[in-house]
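Q: Okay, so here is model.tsv, and as you'll see once you scroll down, it has TSV, C-alpha atoms.
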chain	number	residue	atom	x	y	z
B	10	GLU	CA	0.00	0.00	0.00
B	11	ILE	CA	1.24	3.46	-0.93
B	12	ILE	CA	0.35	6.68	0.85
B	13	VAL	CA	0.78	9.64	-1.49
B	14	LEU	CA	1.71	12.72	0.52
B	15	ALA	CA	0.43	15.54	-1.68
B	16	VAL	CA	0.10	18.56	0.59
B	17	LYS	CA	1.72	21.96	0.91
B	18	PRO	CA	5.06	21.82	2.75
B	19	GLN	CA	3.69	23.91	5.62
B	20	GLN	CA	0.93	21.36	6.24
B	21	THR	CA	3.10	18.25	6.15
B	22	GLU	CA	4.13	18.07	9.80
B	23	SER	CA	0.65	18.42	11.28
B	24	LEU	CA	-0.87	15.96	8.80
B	25	LEU	CA	1.75	13.26	9.33
B	26	LYS	CA	1.60	13.55	13.10
B	27	SER	CA	-2.18	13.20	12.98
B	28	ILE	CA	-2.04	9.94	10.98
B	29	SER	CA	1.25	8.49	12.26
B	30	HIS	CA	-0.60	5.89	14.38
B	31	GLN	CA	-2.18	4.52	11.18
B	32	ILE	CA	1.12	4.06	9.34
B	33	SER	CA	2.86	0.70	9.58
B	34	LYS	CA	4.28	-1.03	6.50
B	35	GLN	CA	2.98	1.36	3.87
B	36	ILE	CA	5.25	3.29	1.53
B	37	ILE	CA	4.96	7.05	1.88
B	38	LEU	CA	5.43	8.73	-1.49
B	39	SER	CA	6.01	12.41	-0.77
B	40	ILE	CA	5.70	15.23	-3.29
B	41	ALA	CA	5.96	17.95	-0.63
B	42	ALA	CA	8.58	20.41	-1.90
B	43	GLY	CA	11.60	20.88	0.33
B	44	ILE	CA	10.56	18.35	2.98
B	45	GLN	CA	13.42	15.93	3.66
B	46	ILE	CA	12.99	12.25	4.38
B	47	LYS	CA	14.49	12.65	7.86
B	48	SER	CA	11.67	15.05	8.74
B	49	ILE	CA	9.01	12.64	7.49
B	50	GLU	CA	10.63	9.89	9.56
B	51	LYS	CA	10.53	12.09	12.64
B	52	TRP	CA	6.88	13.06	12.17
B	53	THR	CA	5.86	9.41	11.64
B	54	ASN	CA	7.68	8.01	14.70
B	55	GLY	CA	10.60	6.56	12.76
B	56	HIS	CA	8.79	5.12	9.74
B	57	LYS	CA	11.37	4.05	7.13
B	58	ASN	CA	9.51	3.18	3.91
B	59	ILE	CA	9.63	6.67	2.41
B	60	VAL	CA	10.18	7.83	-1.16
B	61	ARG	CA	10.62	11.51	-1.88
B	62	SER	CA	9.59	12.70	-5.32
B	63	MET	CA	9.41	15.86	-7.38
B	64	PRO	CA	7.08	15.72	-10.38
B	65	ASN	CA	6.19	18.74	-12.47
B	66	MET	CA	3.13	20.37	-13.97
B	67	CYS	CA	3.59	18.63	-17.33
B	68	ALA	CA	2.31	15.49	-15.63
B	69	GLN	CA	-1.15	16.84	-16.48
B	70	ILE	CA	-0.57	15.76	-20.09
B	71	GLN	CA	1.59	12.70	-19.29
B	72	LEU	CA	4.75	14.56	-20.32
B	73	GLY	CA	6.13	15.19	-16.86
B	74	ILE	CA	9.40	14.06	-15.38
B	75	THR	CA	9.60	12.92	-11.77
B	76	ALA	CA	12.75	12.71	-9.68
B	77	LEU	CA	12.70	9.98	-7.01
B	78	PHE	CA	14.86	9.33	-3.96
B	79	THR	CA	14.77	6.96	-1.02
B	80	HIS	CA	17.19	6.23	1.81
B	81	GLU	CA	16.01	2.64	1.96
B	82	THR	CA	16.55	-0.05	-0.65
B	83	LEU	CA	13.08	-0.89	-1.90
B	84	ASP	CA	12.38	-4.46	-2.87
B	85	GLN	CA	11.62	-4.97	-6.53
B	86	LYS	CA	7.86	-5.17	-6.04
B	87	ASN	CA	7.66	-1.86	-4.18
B	88	LYS	CA	10.08	-0.16	-6.56
B	89	MET	CA	7.97	-1.24	-9.51
B	90	ALA	CA	4.87	0.11	-7.78
B	91	ILE	CA	6.50	3.51	-7.34
B	92	GLU	CA	7.77	3.50	-10.90
B	93	GLU	CA	4.31	2.58	-12.19
B	94	ILE	CA	2.87	5.68	-10.54
B	95	ALA	CA	5.66	7.94	-11.79
B	96	GLY	CA	5.63	6.38	-15.25
B	97	ALA	CA	1.91	7.02	-15.65
B	98	ILE	CA	2.55	10.77	-15.79
B	99	GLY	CA	5.72	10.80	-17.90
B	100	ASP	CA	9.36	9.93	-17.40
B	101	PHE	CA	11.18	9.40	-14.08
B	102	ILE	CA	14.70	9.28	-12.67
B	103	TRP	CA	16.15	7.94	-9.42
B	104	LEU	CA	18.57	10.25	-7.63
B	105	ASP	CA	21.58	8.92	-5.74
B	106	ASP	CA	21.72	11.87	-3.33
B	107	GLU	CA	18.80	13.62	-1.65
B	108	SER	CA	20.63	16.96	-1.70
B	109	LYS	CA	20.19	17.02	-5.48
B	110	MET	CA	16.43	17.33	-4.98
B	111	ASP	CA	16.73	21.08	-4.33
B	112	ALA	CA	18.26	21.72	-7.75
B	113	VAL	CA	15.80	19.30	-9.37
B	114	THR	CA	12.97	21.30	-7.82
B	115	ALA	CA	14.43	24.50	-9.28
B	116	ILE	CA	14.90	23.01	-12.77
B	117	SER	CA	12.01	20.69	-13.49
B	118	GLY	CA	9.61	21.36	-10.62
B	119	SER	CA	9.53	25.14	-11.12
B	120	GLY	CA	10.73	25.03	-14.72
B	121	PRO	CA	7.34	25.06	-16.48
B	122	ALA	CA	6.71	28.49	-14.98
B	123	TYR	CA	9.89	29.77	-16.61
B	124	VAL	CA	8.69	28.54	-19.99
B	125	PHE	CA	5.24	30.09	-19.51
B	126	HIS	CA	6.92	33.35	-18.60
B	127	LEU	CA	9.04	33.10	-21.75
B	128	ALA	CA	5.82	32.92	-23.79
B	129	GLU	CA	4.46	35.94	-21.90
B	130	ALA	CA	7.63	37.95	-22.42
B	131	LEU	CA	7.85	36.98	-26.09
B	132	ALA	CA	4.28	38.16	-26.63
B	133	GLU	CA	5.01	41.44	-24.85
B	134	ALA	CA	8.08	41.91	-27.05
B	135	GLY	CA	5.89	41.32	-30.11
B	136	VAL	CA	3.52	44.06	-28.97
B	137	ALA	CA	6.48	46.38	-28.44
B	138	ALA	CA	7.58	45.59	-32.01
B	139	GLY	CA	4.19	46.65	-33.35
B	140	LEU	CA	1.98	43.55	-33.36
B	141	PRO	CA	-1.58	43.45	-31.98
B	142	ALA	CA	-1.65	41.80	-28.54
B	143	ASP	CA	-3.81	38.85	-29.57
B	144	LEU	CA	-1.64	38.07	-32.59
B	145	ALA	CA	1.58	38.40	-30.58
B	146	ALA	CA	0.21	36.05	-27.90
B	147	LYS	CA	-0.86	33.45	-30.47
B	148	LEU	CA	2.50	33.55	-32.23
B	149	ALA	CA	4.45	33.34	-28.96
B	150	GLN	CA	2.44	30.48	-27.49
B	151	ALA	CA	2.51	28.42	-30.69
B	152	THR	CA	6.24	29.01	-31.10
B	153	VAL	CA	7.14	28.03	-27.54
B	154	SER	CA	4.93	24.93	-27.50
B	155	GLY	CA	5.98	23.90	-31.02
B	156	ALA	CA	9.68	24.30	-30.23
B	157	GLY	CA	9.24	22.22	-27.07
B	158	GLU	CA	7.55	19.42	-28.99
B	159	LEU	CA	10.20	19.56	-31.72
B	160	MET	CA	12.92	19.26	-29.09
B	161	ARG	CA	11.08	16.33	-27.47
B	162	GLN	CA	10.79	14.44	-30.75
B	163	SER	CA	14.22	15.27	-32.13
B	164	ASP	CA	17.38	13.26	-31.61
B	165	LEU	CA	19.38	16.49	-31.78
B	166	SER	CA	20.54	18.43	-28.72
B	167	PRO	CA	19.00	21.83	-27.90
B	168	ASP	CA	22.34	23.37	-28.82
B	169	GLN	CA	22.25	21.81	-32.29
B	170	LEU	CA	18.61	22.71	-32.84
B	171	ARG	CA	19.46	26.32	-31.97
B	172	ARG	CA	22.34	26.27	-34.45
B	173	ASN	CA	20.10	24.80	-37.15
B	174	VAL	CA	17.67	27.73	-36.96
B	175	THR	CA	20.41	30.37	-36.77
B	176	SER	CA	21.76	31.73	-40.05
B	177	PRO	CA	25.08	33.61	-39.84
B	178	ASN	CA	24.45	37.35	-39.57
B	179	GLY	CA	20.70	36.78	-39.84
B	180	THR	CA	17.76	37.88	-37.73
B	181	THR	CA	18.02	35.00	-35.27
B	182	GLN	CA	21.72	35.65	-34.75
B	183	ALA	CA	20.98	39.32	-34.05
B	184	ALA	CA	18.53	38.30	-31.32
B	185	LEU	CA	20.84	35.65	-29.87
B	186	ASP	CA	23.69	38.15	-29.65
B	187	VAL	CA	21.52	39.95	-27.10
B	188	LEU	CA	20.14	36.87	-25.32
B	189	MET	CA	23.53	35.16	-25.05
B	190	ALA	CA	25.49	38.17	-23.85
B	191	ASP	CA	27.35	37.98	-20.54
B	192	ASP	CA	24.40	39.61	-18.76
B	193	GLY	CA	21.79	37.92	-20.95
B	194	PHE	CA	19.44	34.98	-20.67
B	195	PRO	CA	21.89	32.30	-19.41
B	196	ALA	CA	23.16	34.51	-16.58
B	197	LEU	CA	19.64	35.55	-15.59
B	198	LEU	CA	18.40	31.97	-15.64
B	199	LYS	CA	21.30	30.83	-13.45
B	200	LYS	CA	20.33	33.48	-10.90
B	201	ALA	CA	16.69	32.37	-11.06
B	202	VAL	CA	17.52	28.69	-10.60
B	203	ALA	CA	19.90	29.52	-7.74
B	204	ALA	CA	17.11	31.48	-6.03
B	205	ALA	CA	14.69	28.57	-6.38
B	206	THR	CA	17.31	26.08	-5.17
B	207	ASN	CA	18.08	28.20	-2.12
B	208	ARG	CA	14.39	28.52	-1.33
B	209	SER	CA	14.02	24.75	-1.48
B	210	ARG	CA	16.90	24.42	0.98
B	211	GLU	CA	15.27	26.99	3.24
B	212	LEU	CA	12.07	24.95	3.27
B	213	ALA	CA	14.10	21.87	4.17
B	214	GLY	CA	15.85	23.76	6.93
B	215	GLY	CA	12.54	24.88	8.33
B	216	SER	CA	11.27	21.31	8.40
Take the structure in the file and write it out as structure tokens.

A:
Amino acid sequence: EIIVLAVKPQQTESLLKSISHQISKQIILSIAAGIQIKSIEKWTNGHKNIVRSMPNMCAQIQLGITALFTHETLDQKNKMAIEEIAGAIGDFIWLDDESKMDAVTAISGSGPAYVFHLAEALAEAGVAAGLPADLAAKLAQATVSGAGELMRQSDLSPDQLRRNVTSPNGTTQAALDVLMADDGFPALLKKAVAAATNRSRELAGGS
């Protein structure tokens, strides 16, 4: 039997303490962001069968990716049960170190929001360039979602796909010269991911 712990991090302690007397041999599958396994153990009176996971919003269309971690070695039957749940909503990976979960949260857990914001910003840039708002939004959303699907289906790396669409001294190159500058998109995204990672660690520290 698997107990799926799908609550806000701030509610996790009170919920687990309230049901700890009902937990025996079940597997707790936690998707509470930032809550470490050691905290779940403490709030369940030392329960050991715990798997921490971080899915993302793309699970809604079975294109998610879920990171999994456990301190205990699950037997094959229980591992397959966990993988069946994770596999039903997309891909999954097992981590070898729980500390990696903070960065995973920042990349794939929070990542869909970054992509949605890219579509928003691209539409706003289209309006600034002279397009009607509805047309700019349609172009931006179709471009972002289409590029994502192309990347998913392609055997090529994102780097190579970018190169394939970039003609020397063309319009795309002019835009990338701005985006890829020292203070451009990569630097800004690193700061954003670092902020999300640190917040995940803060949540863990508060647990």

Q: Tell me, as a list in words, which residues lie within 7 Å of Ala115 (chain B), counting all atoms listed in the file; anything in the same chain fewer than 3 positions away does not count.

A: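 Close residues of Ala115 (chain B): Asp111, Ala112, Gly118, Ser119, Gly120, Val202, Ala205 and Thr206 of chain B.
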
Q: Could you write out the selected residues, including C-alpha atoms, as a PDB file, keeping the file's coordinate frame?

A:
ATOM      1  CA  ASP B 111      16.730  21.080  -4.330  1.00  0.00           C
ATOM      2  CA  ALA B 112      18.260  21.720  -7.750  1.00  0.00           C
ATOM      3  CA  GLY B 118       9.610  21.360 -10.620  1.00  0.00           C
ATOM      4  CA  SER B 119       9.530  25.140 -11.120  1.00  0.00           C
ATOM      5  CA  GLY B 120      10.730  25.030 -14.720  1.00  0.00           C
ATOM      6  CA  VAL B 202      17.520  28.690 -10.600  1.00  0.00           C
ATOM      7  CA  ALA B 205      14.690  28.570  -6.380  1.00  0.00           C
ATOM      8  CA  THR B 206      17.310  26.080  -5.170  1.00  0.00           C
TER       9      THR B 206
END

Q: Compare B:Leu197, B:Ile49, B:Val124, B:Val153 by their minimum atom-to-atom distance to Ile37 (chain B), counting all atoms listed in the file, and give me the closest one.

A: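 The shortest atom-to-atom distance to Ile37 (chain B) comes from B:Ile49.
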
Q: Would you list the contacts of Leu83 (chain B) as an NGL selection string, taking every protein, DNA or RNA residue within 10 Å and counting all atoms listed in the file, but skipping same-chain residues closer than 5 positions in sequence?

A: :B and (36 or 58-60 or 88-89 or 91)

Q: Check the smallest atom-to-atom distance from each of B:Gln71, B:Asn173, B:Ala76, B:Ser29 to Ala42 (chain B) using all atoms listed in the file, then report the winner.

A: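 Nearest to Ala42 (chain B): B:Ala76.
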
Q: I want to know what sits within 9 Å of region 144-151 of chain B, based on only C-alpha atoms, with residues of the same chain fewer than 3 positions away left out; could you give that as a PDB file with C-alpha atoms, keeping the file's coordinate frame?

A:
ATOM      1  CA  PHE B 125       5.240  30.090 -19.510  1.00  0.00           C
ATOM      2  CA  LEU B 127       9.040  33.100 -21.750  1.00  0.00           C
ATOM      3  CA  ALA B 128       5.820  32.920 -23.790  1.00  0.00           C
ATOM      4  CA  GLU B 129       4.460  35.940 -21.900  1.00  0.00           C
ATOM      5  CA  ALA B 130       7.630  37.950 -22.420  1.00  0.00           C
ATOM      6  CA  LEU B 131       7.850  36.980 -26.090  1.00  0.00           C
ATOM      7  CA  ALA B 132       4.280  38.160 -26.630  1.00  0.00           C
ATOM      8  CA  GLU B 133       5.010  41.440 -24.850  1.00  0.00           C
ATOM      9  CA  ALA B 134       8.080  41.910 -27.050  1.00  0.00           C
ATOM     10  CA  GLY B 135       5.890  41.320 -30.110  1.00  0.00           C
ATOM     11  CA  VAL B 136       3.520  44.060 -28.970  1.00  0.00           C
ATOM     12  CA  LEU B 140       1.980  43.550 -33.360  1.00  0.00           C
ATOM     13  CA  PRO B 141      -1.580  43.450 -31.980  1.00  0.00           C
ATOM     14  CA  SER B 154       4.930  24.930 -27.500  1.00  0.00           C
ATOM     15  CA  GLY B 155       5.980  23.900 -31.020  1.00  0.00           C
ATOM     16  CA  ALA B 156       9.680  24.300 -30.230  1.00  0.00           C
TER      17      ALA B 156
END

Q: With all atoms listed in the file as the basis for distance, which of B:Glu93, B:Lys109, B:Phe101, B:Ile116 is at the shortest distance from Ala201 (chain B)?

A: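 Of the candidates, the smallest distance to Ala201 (chain B) is held by B:Ile116.
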
Q: Give, as JSON, the centre coordinates and the x, y and z edge lengths in Å to one decimal for an axis-aligned box around all listed atoms of region 15-19 of chain B, padded by 3 Å on each side.

A:
{"center_x": 2.6, "center_y": 19.7, "center_z": 2.0, "size_x": 11.0, "size_y": 14.4, "size_z": 13.3}

Q: Just give me the gap between CA of Val13 (chain B) and CA of Cys67 (chain B) in Å, one decimal is fine.

A: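 Computing the Euclidean distance for CA of Val13 (chain B) and CA of Cys67 (chain B) yields 18.4 Å.
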
Q: Rounded to one decimal, what separation in Å do you get between CA of Asp186 (chain B) and CA of Ala122 (chain B)?

A: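 These two atoms are separated by 24.4 Å.
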
Q: Counting all atoms listed in the file, which residue out of B:Ala95, B:Met110, B:Ala138, B:Ile12 sits closest to Ile46 (chain B)?

A: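 Once distances to Ile46 (chain B) are computed over all atoms listed in the file, the minimum belongs to B:Met110.
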
Q: Take CA of Thr75 (chain B) and CA of Lys47 (chain B) and report the distance between them in Å, one decimal.

A: 20.2 Å

Q: Which of these, B:Gln35, B:Asn65, B:Leu77, B:Thr114, has the shortest distance to Gly99 (chain B) once you count all atoms listed in the file?

A: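 Residue with the minimum atom-to-atom distance to Gly99 (chain B): B:Asn65.
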
Q: Return the single residue from B:Glu158, B:Glu22, B:Glu107, B:Glu10 that is closest to Leu72 (chain B), with distances computed using only C-alpha atoms.

A: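 Closest to Leu72 (chain B), using only C-alpha atoms: B:Glu158.
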
Q: Excluding Gln69 (chain B) and residues on its chain fewer than 4 positions from it, collect all residues at most 12 Å away from it, counting all atoms listed in the file, and give them as a ChimeraX atom specification.

A: /B:64-65,73-74,97-99,121
